[in-house]
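Below is protein.cif, holding mmCIF, C-alpha atoms.
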```cif
data_target
#
loop_
_atom_site.group_PDB
_atom_site.id
_atom_site.type_symbol
_atom_site.label_atom_id
_atom_site.label_comp_id
_atom_site.auth_asym_id
_atom_site.auth_seq_id
_atom_site.Cartn_x
_atom_site.Cartn_y
_atom_site.Cartn_z
ATOM 1 C CA MET F 1 40.326 139.736 57.028
ATOM 2 C CA PHE F 2 40.612 141.967 60.038
ATOM 3 C CA THR F 3 43.276 144.583 60.251
ATOM 4 C CA THR F 4 44.481 145.336 63.737
ATOM 5 C CA ASP F 5 47.819 145.857 65.388
ATOM 6 C CA THR F 6 47.193 142.885 67.630
ATOM 7 C CA THR F 7 47.572 139.311 66.500
ATOM 8 C CA ALA F 8 44.687 136.872 66.625
ATOM 9 C CA THR F 9 46.597 134.747 69.092
ATOM 10 C CA ASP F 10 47.091 137.698 71.445
ATOM 11 C CA ILE F 11 43.405 138.492 71.358
ATOM 12 C CA GLU F 12 42.331 134.911 71.892
ATOM 13 C CA LEU F 13 44.686 134.470 74.833
ATOM 14 C CA ASP F 14 43.473 137.706 76.368
ATOM 15 C CA LEU F 15 39.897 136.703 75.668
ATOM 16 C CA ASP F 16 40.247 133.307 77.331
ATOM 17 C CA ALA F 17 41.725 135.001 80.384
ATOM 18 C CA ALA F 18 38.981 137.616 80.473
ATOM 19 C CA LEU F 19 36.233 135.026 80.174
ATOM 20 C CA ASN F 20 37.652 132.855 82.931
ATOM 21 C CA PRO F 21 39.328 135.113 85.452
ATOM 22 C CA GLY F 22 40.735 133.555 88.576
ATOM 23 C CA GLU F 23 39.922 135.018 91.938
ATOM 24 C CA VAL F 24 41.964 138.065 92.817
ATOM 25 C CA GLU F 25 44.150 137.751 95.854
ATOM 26 C CA GLY F 26 42.277 139.000 98.875
ATOM 27 C CA LEU F 27 43.136 142.407 100.315
ATOM 28 C CA TYR F 28 41.357 143.137 103.548
ATOM 29 C CA ARG F 29 39.855 146.476 104.449
ATOM 30 C CA ASP F 30 41.723 148.990 106.494
ATOM 31 C CA SER F 31 40.186 151.103 109.232
ATOM 32 C CA ARG F 32 39.628 154.111 106.954
ATOM 33 C CA GLU F 33 37.437 152.030 104.679
ATOM 34 C CA CYS F 34 35.597 150.620 107.681
ATOM 35 C CA ALA F 35 34.842 154.192 108.693
ATOM 36 C CA TYR F 36 33.323 154.858 105.265
ATOM 37 C CA LEU F 37 31.192 151.765 105.664
ATOM 38 C CA ALA F 38 30.112 152.799 109.135
ATOM 39 C CA LEU F 39 28.904 156.100 107.710
ATOM 40 C CA LEU F 40 26.968 154.285 105.019
ATOM 41 C CA ALA F 41 25.591 151.541 107.201
ATOM 42 C CA GLY F 42 21.997 151.460 108.178
ATOM 43 C CA GLY F 43 21.821 147.720 107.858
ATOM 44 C CA GLY F 44 24.906 145.803 106.923
ATOM 45 C CA ALA F 45 25.639 144.219 110.264
ATOM 46 C CA LEU F 46 27.433 141.391 108.525
ATOM 47 C CA LEU F 47 29.656 143.718 106.553
ATOM 48 C CA LEU F 48 30.672 145.550 109.702
ATOM 49 C CA SER F 49 31.498 142.473 111.697
ATOM 50 C CA PRO F 50 35.180 141.893 112.401
ATOM 51 C CA PRO F 51 37.200 139.485 110.278
ATOM 52 C CA THR F 52 36.899 135.851 111.120
ATOM 53 C CA PRO F 53 39.692 134.696 113.470
ATOM 54 C CA ARG F 54 42.215 132.505 111.736
ATOM 55 C CA PRO F 55 44.178 129.643 113.216
ATOM 56 C CA LYS F 56 47.753 130.514 114.041
ATOM 57 C CA LYS F 57 50.482 128.706 112.193
ATOM 58 C CA GLY F 58 52.818 126.530 114.141
ATOM 59 C CA MET R 1 40.193 154.633 77.439
ATOM 60 C CA ASP R 2 43.814 155.639 77.036
ATOM 61 C CA GLN R 3 45.206 152.320 75.841
ATOM 62 C CA LYS R 4 48.593 152.816 77.455
ATOM 63 C CA HIS R 5 46.906 152.619 80.869
ATOM 64 C CA ALA R 6 45.117 149.358 80.048
ATOM 65 C CA SER R 7 46.820 146.030 80.570
ATOM 66 C CA SER R 8 46.026 145.061 76.962
ATOM 67 C CA PRO R 9 44.116 146.432 73.972
ATOM 68 C CA LEU R 10 41.299 144.056 74.877
ATOM 69 C CA ALA R 11 41.171 145.315 78.462
ATOM 70 C CA GLY R 12 40.990 148.877 77.162
ATOM 71 C CA ALA R 13 38.169 148.019 74.770
ATOM 72 C CA VAL R 14 36.258 146.218 77.543
ATOM 73 C CA HIS R 15 36.672 149.262 79.776
ATOM 74 C CA ASP R 16 35.349 151.590 77.067
ATOM 75 C CA LEU R 17 32.431 149.325 76.236
ATOM 76 C CA ALA R 18 31.401 148.868 79.866
ATOM 77 C CA THR R 19 31.581 152.640 80.320
ATOM 78 C CA GLU R 20 29.148 153.142 77.446
ATOM 79 C CA VAL R 21 26.758 150.507 78.831
ATOM 80 C CA VAL R 22 26.801 152.324 82.178
ATOM 81 C CA LEU R 23 26.068 155.639 80.461
ATOM 82 C CA ALA R 24 23.159 154.055 78.606
ATOM 83 C CA LEU R 25 21.841 152.549 81.856
ATOM 84 C CA ARG R 26 22.051 155.894 83.595
ATOM 85 C CA SER R 27 20.373 157.821 80.818
ATOM 86 C CA GLY R 28 17.901 155.169 79.715
ATOM 87 C CA ASP R 29 18.702 156.339 76.207
ATOM 88 C CA HIS R 30 17.647 153.470 74.033
ATOM 89 C CA LEU R 31 18.360 155.235 70.762
ATOM 90 C CA ALA R 32 22.097 155.530 71.280
ATOM 91 C CA THR R 33 24.272 152.720 69.997
ATOM 92 C CA VAL R 34 26.551 151.447 72.719
ATOM 93 C CA CYS R 35 29.061 149.963 70.292
ATOM 94 C CA GLY R 36 29.067 153.071 68.147
ATOM 95 C CA ALA R 37 29.805 155.234 71.165
ATOM 96 C CA ALA R 38 32.663 152.914 72.097
ATOM 97 C CA GLY R 39 34.031 153.034 68.540
ATOM 98 C CA ILE R 40 33.325 149.372 67.828
ATOM 99 C CA ASP R 41 32.008 148.047 64.564
ATOM 100 C CA GLU R 42 31.801 144.623 62.946
ATOM 101 C CA GLU R 43 35.279 144.914 61.422
ATOM 102 C CA ASN R 44 37.102 145.642 64.676
ATOM 103 C CA ARG R 45 38.283 142.297 66.012
ATOM 104 C CA THR R 46 39.491 143.653 69.347
ATOM 105 C CA GLY R 47 36.169 145.399 69.747
ATOM 106 C CA ILE R 48 34.260 142.239 68.857
ATOM 107 C CA ALA R 49 36.308 140.359 71.452
ATOM 108 C CA ALA R 50 35.392 143.052 73.993
ATOM 109 C CA VAL R 51 31.741 142.458 73.158
ATOM 110 C CA ARG R 52 32.321 138.743 73.800
ATOM 111 C CA VAL R 53 33.659 139.666 77.258
ATOM 112 C CA ILE R 54 30.772 142.014 78.090
ATOM 113 C CA GLY R 55 28.424 139.435 76.582
ATOM 114 C CA ALA R 56 24.687 139.935 76.624
ATOM 115 C CA ASP R 57 25.125 142.974 78.877
ATOM 116 C CA LEU R 58 25.686 144.865 75.640
ATOM 117 C CA LEU R 59 21.895 144.883 75.335
ATOM 118 C CA LEU R 60 21.267 145.337 79.080
ATOM 119 C CA PRO R 61 19.837 148.874 78.764
ATOM 120 C CA SER R 62 17.233 147.583 76.320
ATOM 121 C CA VAL R 63 16.535 144.516 78.473
ATOM 122 C CA LEU R 64 16.000 146.496 81.669
ATOM 123 C CA TYR R 65 14.104 149.386 80.111
ATOM 124 C CA GLY R 66 12.020 147.106 77.903
ATOM 125 C CA ARG R 67 12.993 148.768 74.647
ATOM 126 C CA HIS R 68 14.175 147.585 71.288
ATOM 127 C CA PRO R 69 17.976 147.410 71.017
ATOM 128 C CA HIS R 70 19.832 149.416 68.410
ATOM 129 C CA PRO R 71 20.340 147.340 65.239
ATOM 130 C CA GLY R 72 24.046 148.161 65.248
ATOM 131 C CA ASP R 73 24.472 146.678 68.718
ATOM 132 C CA VAL R 74 22.477 143.599 67.732
ATOM 133 C CA ALA R 75 24.694 143.116 64.691
ATOM 134 C CA VAL R 76 27.899 143.367 66.707
ATOM 135 C CA LEU R 77 26.612 141.015 69.403
ATOM 136 C CA ASP R 78 25.622 138.540 66.710
ATOM 137 C CA ARG R 79 29.083 138.867 65.201
ATOM 138 C CA ALA R 80 30.700 138.156 68.580
ATOM 139 C CA VAL R 81 28.554 135.037 68.987
ATOM 140 C CA ARG R 82 29.696 133.730 65.621
ATOM 141 C CA GLU R 83 33.306 134.889 65.889
ATOM 142 C CA PHE R 84 34.080 133.494 69.336
ATOM 143 C CA PRO R 85 32.162 130.280 69.963
ATOM 144 C CA PRO R 86 33.294 128.255 72.980
ATOM 145 C CA LYS R 87 36.056 125.784 72.238
ATOM 146 C CA PRO R 88 35.289 122.115 72.881
ATOM 147 C CA ASP R 89 37.347 122.215 76.076
ATOM 148 C CA ALA R 90 36.104 125.619 77.219
ATOM 149 C CA PRO R 91 35.153 126.048 80.879
ATOM 150 C CA ALA R 92 31.461 125.794 81.656
ATOM 151 C CA ALA R 93 31.206 129.512 82.411
ATOM 152 C CA THR R 94 32.372 130.306 78.867
ATOM 153 C CA ALA R 95 29.752 127.989 77.406
ATOM 154 C CA TRP R 96 27.091 129.566 79.605
ATOM 155 C CA SER R 97 27.932 133.148 78.667
ATOM 156 C CA HIS R 98 27.880 132.193 74.984
ATOM 157 C CA TRP R 99 24.546 130.420 75.426
ATOM 158 C CA HIS R 100 23.153 133.516 77.124
ATOM 159 C CA MET R 101 24.267 135.781 74.287
ATOM 160 C CA ILE R 102 22.350 133.603 71.823
ATOM 161 C CA SER R 103 19.359 133.428 74.128
ATOM 162 C CA THR R 104 19.324 137.218 74.549
ATOM 163 C CA LEU R 105 19.589 137.795 70.809
ATOM 164 C CA GLN R 106 16.683 135.472 70.176
ATOM 165 C CA ARG R 107 14.590 137.144 72.862
ATOM 166 C CA MET R 108 15.435 140.772 72.093
ATOM 167 C CA ALA R 109 16.022 140.681 68.338
ATOM 168 C CA PRO R 110 14.517 137.635 66.682
ATOM 169 C CA PRO R 111 15.822 137.212 63.125
ATOM 170 C CA ALA R 112 13.650 138.361 60.289
ATOM 171 C CA PRO R 113 11.810 135.580 58.436
ATOM 172 C CA GLY R 114 14.251 133.866 56.098
ATOM 173 C CA ALA R 115 17.342 135.306 57.783
ATOM 174 C CA ALA R 116 19.997 133.001 59.163
ATOM 175 C CA ALA R 117 19.726 132.633 62.908
ATOM 176 C CA PRO R 118 22.748 132.096 65.116
ATOM 177 C CA GLY R 119 23.319 128.459 65.927
ATOM 178 C CA THR R 120 21.474 127.331 68.999
ATOM 179 C CA TYR R 121 22.285 124.639 71.468
ATOM 180 C CA ALA R 122 20.836 123.345 74.679
ATOM 181 C CA GLU R 123 21.668 124.813 78.055
ATOM 182 C CA PRO R 124 25.148 123.760 79.154
ATOM 183 C CA ASP R 125 25.494 121.612 82.245
ATOM 184 C CA ALA R 126 24.951 123.336 85.605
ATOM 185 C CA ALA R 127 25.195 120.424 88.032
ATOM 186 C CA TRP R 128 28.695 121.573 88.982
ATOM 187 C CA LEU R 129 27.206 124.782 90.372
ATOM 188 C CA GLU R 130 25.000 122.916 92.811
ATOM 189 C CA GLU R 131 27.987 121.043 94.200
ATOM 190 C CA ALA R 132 30.498 123.906 94.292
ATOM 191 C CA PRO R 133 31.684 125.269 97.663
ATOM 192 C CA TRP R 134 30.063 128.628 98.386
ATOM 193 C CA GLN R 135 33.277 130.544 97.688
ATOM 194 C CA ALA R 136 33.730 129.017 94.225
ATOM 195 C CA PHE R 137 29.998 129.221 93.635
ATOM 196 C CA THR R 138 30.038 132.980 94.233
ATOM 197 C CA HIS R 139 33.103 133.444 92.052
ATOM 198 C CA GLN R 140 31.534 131.569 89.139
ATOM 199 C CA LEU R 141 28.181 133.304 89.567
ATOM 200 C CA SER R 142 29.962 136.650 89.492
ATOM 201 C CA VAL R 143 31.642 135.700 86.217
ATOM 202 C CA LEU R 144 28.149 134.846 84.945
ATOM 203 C CA ALA R 145 26.530 138.042 86.254
ATOM 204 C CA PRO R 146 25.161 138.971 82.782
ATOM 205 C CA LEU R 147 22.741 136.060 83.231
ATOM 206 C CA ALA R 148 21.233 137.883 86.214
ATOM 207 C CA VAL R 149 18.428 139.640 84.364
ATOM 208 C CA PRO R 150 14.652 139.457 84.647
ATOM 209 C CA ALA R 151 12.620 137.027 82.566
ATOM 210 C CA ALA R 152 15.639 135.006 81.453
ATOM 211 C CA PRO R 153 15.258 131.662 83.228
ATOM 212 C CA SER R 154 18.212 129.296 83.199
ATOM 213 C CA ALA R 155 19.705 126.571 85.335
ATOM 214 C CA VAL R 156 22.256 129.125 86.554
ATOM 215 C CA GLN R 157 19.489 131.439 87.703
ATOM 216 C CA ARG R 158 17.757 128.574 89.508
ATOM 217 C CA ALA R 159 21.015 127.663 91.238
ATOM 218 C CA ALA R 160 21.439 131.288 92.332
ATOM 219 C CA ALA R 161 17.913 131.388 93.727
ATOM 220 C CA ASN R 162 18.382 128.076 95.533
ATOM 221 C CA ARG R 163 21.649 129.172 97.153
ATOM 222 C CA ALA R 164 20.836 132.753 98.161
ATOM 223 C CA VAL R 165 22.424 132.354 101.592
ATOM 224 C CA ASP R 166 25.629 130.978 100.081
ATOM 225 C CA LEU R 167 25.639 133.856 97.615
ATOM 226 C CA SER R 168 25.149 136.297 100.500
ATOM 227 C CA ARG R 169 28.139 134.775 102.286
ATOM 228 C CA GLY R 170 30.098 135.130 99.083
ATOM 229 C CA PHE R 171 29.059 138.770 98.749
ATOM 230 C CA VAL R 172 30.370 139.538 102.241
ATOM 231 C CA ARG R 173 33.553 137.586 101.581
ATOM 232 C CA ALA R 174 34.166 139.479 98.348
ATOM 233 C CA VAL R 175 33.675 142.836 100.091
ATOM 234 C CA ARG R 176 36.101 141.846 102.822
ATOM 235 C CA ARG R 177 38.624 140.747 100.230
ATOM 236 C CA ARG R 178 38.085 144.019 98.334
ATOM 237 C CA ASP R 179 37.164 142.047 95.242
ATOM 238 C CA TRP R 180 34.725 144.696 94.080
ATOM 239 C CA LEU R 181 33.919 143.058 90.751
ATOM 240 C CA GLN R 182 32.989 139.782 92.414
ATOM 241 C CA ALA R 183 30.995 141.619 95.076
ATOM 242 C CA ALA R 184 29.119 143.610 92.435
ATOM 243 C CA GLY R 185 28.325 140.455 90.454
ATOM 244 C CA ALA R 186 27.114 138.610 93.546
ATOM 245 C CA GLY R 187 25.048 141.614 94.595
ATOM 246 C CA ARG R 188 23.497 141.750 91.141
ATOM 247 C CA TRP R 189 22.454 138.099 91.441
ATOM 248 C CA LEU R 190 20.927 138.726 94.869
ATOM 249 C CA ALA R 191 19.002 141.703 93.525
ATOM 250 C CA ALA R 192 17.775 139.624 90.588
ATOM 251 C CA THR R 193 16.695 136.566 92.538
ATOM 252 C CA GLY R 194 16.014 137.867 96.059
ATOM 253 C CA GLY R 195 16.054 135.645 99.102
ATOM 254 C CA GLU R 196 19.094 137.151 100.821
ATOM 255 C CA PRO R 197 18.958 137.554 104.625
ATOM 256 C CA ALA R 198 17.695 140.989 105.668
ATOM 257 C CA THR R 199 20.762 141.327 107.898
ATOM 258 C CA LEU R 200 22.968 141.406 104.808
ATOM 259 C CA GLY R 201 22.129 145.050 104.122
ATOM 260 C CA LEU R 202 22.453 144.560 100.372
ATOM 261 C CA ASP R 203 21.497 148.113 99.406
ATOM 262 C CA ARG R 204 24.123 149.666 101.662
ATOM 263 C CA GLY R 205 26.605 147.000 100.692
ATOM 264 C CA LEU R 206 26.157 147.858 97.020
ATOM 265 C CA ASP R 207 26.652 151.549 97.858
ATOM 266 C CA PHE R 208 29.938 150.636 99.473
ATOM 267 C CA VAL R 209 31.012 148.434 96.574
ATOM 268 C CA GLU R 210 30.337 151.251 94.126
ATOM 269 C CA LEU R 211 32.131 153.765 96.333
ATOM 270 C CA MET R 212 35.236 151.618 96.572
ATOM 271 C CA GLY R 213 35.215 149.881 93.196
ATOM 272 C CA GLY R 214 33.407 152.320 90.951
ATOM 273 C CA HIS R 215 36.601 153.189 89.078
ATOM 274 C CA ASP R 216 35.990 149.918 87.217
ATOM 275 C CA PRO R 217 32.982 150.468 84.934
ATOM 276 C CA ARG R 218 32.135 146.757 85.104
ATOM 277 C CA VAL R 219 31.575 147.183 88.846
ATOM 278 C CA THR R 220 29.337 150.179 88.213
ATOM 279 C CA LEU R 221 27.510 148.249 85.494
ATOM 280 C CA HIS R 222 26.596 145.420 87.877
ATOM 281 C CA VAL R 223 25.664 147.777 90.714
ATOM 282 C CA ARG R 224 23.475 149.859 88.429
ATOM 283 C CA ALA R 225 21.815 146.715 87.062
ATOM 284 C CA ALA R 226 21.182 145.534 90.630
ATOM 285 C CA ARG R 227 19.578 148.829 91.571
ATOM 286 C CA LEU R 228 17.329 148.878 88.506
ATOM 287 C CA MET R 229 16.181 145.317 89.190
ATOM 288 C CA ALA R 230 15.633 146.041 92.889
ATOM 289 C CA GLU R 231 13.557 149.096 91.981
ATOM 290 C CA ALA R 232 11.505 147.042 89.550
ATOM 291 C CA ARG R 233 10.895 144.365 92.197
ATOM 292 C CA ALA R 234 9.775 146.997 94.710
ATOM 293 C CA ARG R 235 7.145 148.409 92.346
#
```

What does this structure look like when you write it as structure tokens?
Amino acid sequence: MFTTDTTATDIELDLDAALNPGEVEGLYRDSRECAYLALLAGGGALLLSPPTPRPKKG
Amino acid sequence: MDQKHASSPLAGAVHDLATEVVLALRSGDHLATVCGAAGIDEENRTGIAAVRVIGADLLLPSVLYGRHPHPGDVAVLDRAVREFPPKPDAPAATAWSHWHMISTLQRMAPPAPGAAAPGTYAEPDAAWLEEAPWQAFTHQLSVLAPLAVPAAPSAVQRAAANRAVDLSRGFVRAVRRRDWLQAAGAGRWLAATGGEPATLGLDRGLDFVELMGGHDPRVTLHVRAARLMAEARAR
């Protein structure tokens, strides 16, 4: 028998979540991060391209 | 890791374990026990669960440097395989990561004659990967990044190789969304299988991912694995 301060159910719930994580909600880069990337870029044309235009609502 | 800063004891243990794998990858020190350094033994259920999360990457330093794994790490990985088998209704990714742990154990540490081997089963289904939209494909491949290692063929690896352009799109999408873990996993697959467009700039992209997401040792783990595999391919 294992002795921990966490119940088996807690661990198994946490484990299921860790094994099958959903996608995190997207957070898009700000200009400061783009500047970092520009300094790093030798290739990476795709990474530096502007965000894809999105259709406007309404 | 200071547990009070982790979202759960399991998250803290995963963080500590991934940190030790990264240290072993950086040093190439095959004699050190990763689990021992992370304070995990076979009687620590949270630690064993953390090993189940890290999966076969526990032995990644030995896999990439071509050395024998530490017996203590083999024992804990074997314990995680037995302790946390996939449930009958488990998602395919869970079945695949479990399959890969068994496969890695058999490849890296075959049981001694007469010893009980972990239960084996056939490769889980991978047809769903071929049909998945590129966004979901990249997400699932990132979850399965431990399968992105040399000389470990699987249906998942074949799907990754066949959809390198989709995976490249997914890598860019993950970077734009600041999902560093997904980006690192996708980049690791591209480094393992090749075939990405030259315009992707994978090397620089991985630098950026590590710069921005390196506070998470799992990100660093995947980036370091990608670099080691890319270096091996270039030789």

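Excluding Pro21 in chain F and any residue on its chain fewer than 3 positions from it, the residues at most 10 Å away by all atoms listed in the file are Leu15, Asp16, Ala17, Ala18 and Val24 of chain F; His139, Gln140 and Val143 of chain R.
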
Name the residues that the PyMOL selection byres ((chain R and resi 44-50) around 7) pulls out of this structure, and write them as a list in words.
Phe2, Ile11 and Leu15 of chain F; Leu10, Ala13, Val14, Ile40, Asp41, Glu42, Glu43, Val51, Arg52, Val53, Ile54, Val76 and Ala80 of chain R

Contacts of Val34 in chain R within 10 Å, all atoms listed in the file, excl. fewer than 5 positions in-chain, as a VMD selection string:
chain R and resid 16 to 24 29 39 to 40 58 to 59 61 69 to 70 72 to 73

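Interatomic distance, CA of Ala164 in chain R against CA of Leu25 in chain R: 25.7 Å.
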
Check what the PyMOL selection byres ((chain R) within 9 of (chain F)) selects in the file above and give those residues as a tab-separated table (two decimals) with C-alpha atoms, in the frame of the given file.
```tsv
chain	number	residue	atom	x	y	z
R	8	SER	CA	46.03	145.06	76.96
R	9	PRO	CA	44.12	146.43	73.97
R	10	LEU	CA	41.30	144.06	74.88
R	11	ALA	CA	41.17	145.32	78.46
R	43	GLU	CA	35.28	144.91	61.42
R	44	ASN	CA	37.10	145.64	64.68
R	45	ARG	CA	38.28	142.30	66.01
R	46	THR	CA	39.49	143.65	69.35
R	49	ALA	CA	36.31	140.36	71.45
R	50	ALA	CA	35.39	143.05	73.99
R	52	ARG	CA	32.32	138.74	73.80
R	53	VAL	CA	33.66	139.67	77.26
R	84	PHE	CA	34.08	133.49	69.34
R	90	ALA	CA	36.10	125.62	77.22
R	91	PRO	CA	35.15	126.05	80.88
R	93	ALA	CA	31.21	129.51	82.41
R	94	THR	CA	32.37	130.31	78.87
R	97	SER	CA	27.93	133.15	78.67
R	136	ALA	CA	33.73	129.02	94.22
R	139	HIS	CA	33.10	133.44	92.05
R	140	GLN	CA	31.53	131.57	89.14
R	143	VAL	CA	31.64	135.70	86.22
R	172	VAL	CA	30.37	139.54	102.24
R	173	ARG	CA	33.55	137.59	101.58
R	174	ALA	CA	34.17	139.48	98.35
R	175	VAL	CA	33.67	142.84	100.09
R	176	ARG	CA	36.10	141.85	102.82
R	177	ARG	CA	38.62	140.75	100.23
R	178	ARG	CA	38.08	144.02	98.33
R	179	ASP	CA	37.16	142.05	95.24
R	182	GLN	CA	32.99	139.78	92.41
R	198	ALA	CA	17.70	140.99	105.67
R	199	THR	CA	20.76	141.33	107.90
R	200	LEU	CA	22.97	141.41	104.81
R	201	GLY	CA	22.13	145.05	104.12
R	202	LEU	CA	22.45	144.56	100.37
R	203	ASP	CA	21.50	148.11	99.41
R	204	ARG	CA	24.12	149.67	101.66
R	205	GLY	CA	26.60	147.00	100.69
R	207	ASP	CA	26.65	151.55	97.86
R	208	PHE	CA	29.94	150.64	99.47
R	212	MET	CA	35.24	151.62	96.57
```

Expected answer as a PyMOL selection string: all residues with atoms within 10 Å of (18.2, 132.1, 80.6), all atoms listed in the file:
chain R and resi 96-97+99-104+107+123+147-158

Could you write out that same residue set with C-alpha atoms as a PDB file, keeping the file's coordinate frame?
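Produced file again-v1.pdb, reproduced below:
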```
ATOM      1  CA  TRP R  96      27.091 129.566  79.605  1.00  0.00           C
ATOM      2  CA  SER R  97      27.932 133.148  78.667  1.00  0.00           C
ATOM      3  CA  TRP R  99      24.546 130.420  75.426  1.00  0.00           C
ATOM      4  CA  HIS R 100      23.153 133.516  77.124  1.00  0.00           C
ATOM      5  CA  MET R 101      24.267 135.781  74.287  1.00  0.00           C
ATOM      6  CA  ILE R 102      22.350 133.603  71.823  1.00  0.00           C
ATOM      7  CA  SER R 103      19.359 133.428  74.128  1.00  0.00           C
ATOM      8  CA  THR R 104      19.324 137.218  74.549  1.00  0.00           C
ATOM      9  CA  ARG R 107      14.590 137.144  72.862  1.00  0.00           C
ATOM     10  CA  GLU R 123      21.668 124.813  78.055  1.00  0.00           C
ATOM     11  CA  LEU R 147      22.741 136.060  83.231  1.00  0.00           C
ATOM     12  CA  ALA R 148      21.233 137.883  86.214  1.00  0.00           C
ATOM     13  CA  VAL R 149      18.428 139.640  84.364  1.00  0.00           C
ATOM     14  CA  PRO R 150      14.652 139.457  84.647  1.00  0.00           C
ATOM     15  CA  ALA R 151      12.620 137.027  82.566  1.00  0.00           C
ATOM     16  CA  ALA R 152      15.639 135.006  81.453  1.00  0.00           C
ATOM     17  CA  PRO R 153      15.258 131.662  83.228  1.00  0.00           C
ATOM     18  CA  SER R 154      18.212 129.296  83.199  1.00  0.00           C
ATOM     19  CA  ALA R 155      19.705 126.571  85.335  1.00  0.00           C
ATOM     20  CA  VAL R 156      22.256 129.125  86.554  1.00  0.00           C
ATOM     21  CA  GLN R 157      19.489 131.439  87.703  1.00  0.00           C
ATOM     22  CA  ARG R 158      17.757 128.574  89.508  1.00  0.00           C
TER      23      ARG R 158
END
```

Top pick for closest residue to Leu64 in chain R, considering R:Asp125, R:Asp216, R:Glu231, R:Glu196 and counting only C-alpha atoms:
R:Glu231

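Straight-line separation from CA of Ala145 in chain R to CA of Gly55 in chain R: 10.0 Å.
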
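Pairwise distance (CA of Pro86 in chain R, CA of Ala183 in chain R) equals 25.9 Å.
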
Check which residues satisfy the PyMOL selection byres ((chain R and resi 160) around 10) in the file shown, then give them as a JSON list (two decimals) with C-alpha atoms, keeping the file's coordinate frame.
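Okay, this is what ended up in out-v4.json:
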```
[["chain", "number", "residue", "atom", "x", "y", "z"],
["R", 129, "LEU", "CA", 27.21, 124.78, 90.37],
["R", 130, "GLU", "CA", 25.00, 122.92, 92.81],
["R", 137, "PHE", "CA", 30.00, 129.22, 93.64],
["R", 138, "THR", "CA", 30.04, 132.98, 94.23],
["R", 141, "LEU", "CA", 28.18, 133.30, 89.57],
["R", 148, "ALA", "CA", 21.23, 137.88, 86.21],
["R", 154, "SER", "CA", 18.21, 129.30, 83.20],
["R", 155, "ALA", "CA", 19.70, 126.57, 85.34],
["R", 156, "VAL", "CA", 22.26, 129.12, 86.55],
["R", 157, "GLN", "CA", 19.49, 131.44, 87.70],
["R", 158, "ARG", "CA", 17.76, 128.57, 89.51],
["R", 159, "ALA", "CA", 21.02, 127.66, 91.24],
["R", 161, "ALA", "CA", 17.91, 131.39, 93.73],
["R", 162, "ASN", "CA", 18.38, 128.08, 95.53],
["R", 163, "ARG", "CA", 21.65, 129.17, 97.15],
["R", 164, "ALA", "CA", 20.84, 132.75, 98.16],
["R", 165, "VAL", "CA", 22.42, 132.35, 101.59],
["R", 166, "ASP", "CA", 25.63, 130.98, 100.08],
["R", 167, "LEU", "CA", 25.64, 133.86, 97.62],
["R", 186, "ALA", "CA", 27.11, 138.61, 93.55],
["R", 189, "TRP", "CA", 22.45, 138.10, 91.44],
["R", 190, "LEU", "CA", 20.93, 138.73, 94.87],
["R", 192, "ALA", "CA", 17.77, 139.62, 90.59],
["R", 193, "THR", "CA", 16.70, 136.57, 92.54],
["R", 194, "GLY", "CA", 16.01, 137.87, 96.06],
["R", 195, "GLY", "CA", 16.05, 135.65, 99.10]]
```

Please write out, as JSON, where the centre of an axis-aligned box around all listed atoms of range 6-23 of chain F lies and how long its edges are, in Å to one decimal, after adding 6 Å on each side.
```
{"center_x": 41.9, "center_y": 137.9, "center_z": 79.2, "size_x": 23.3, "size_y": 22.0, "size_z": 37.4}
```
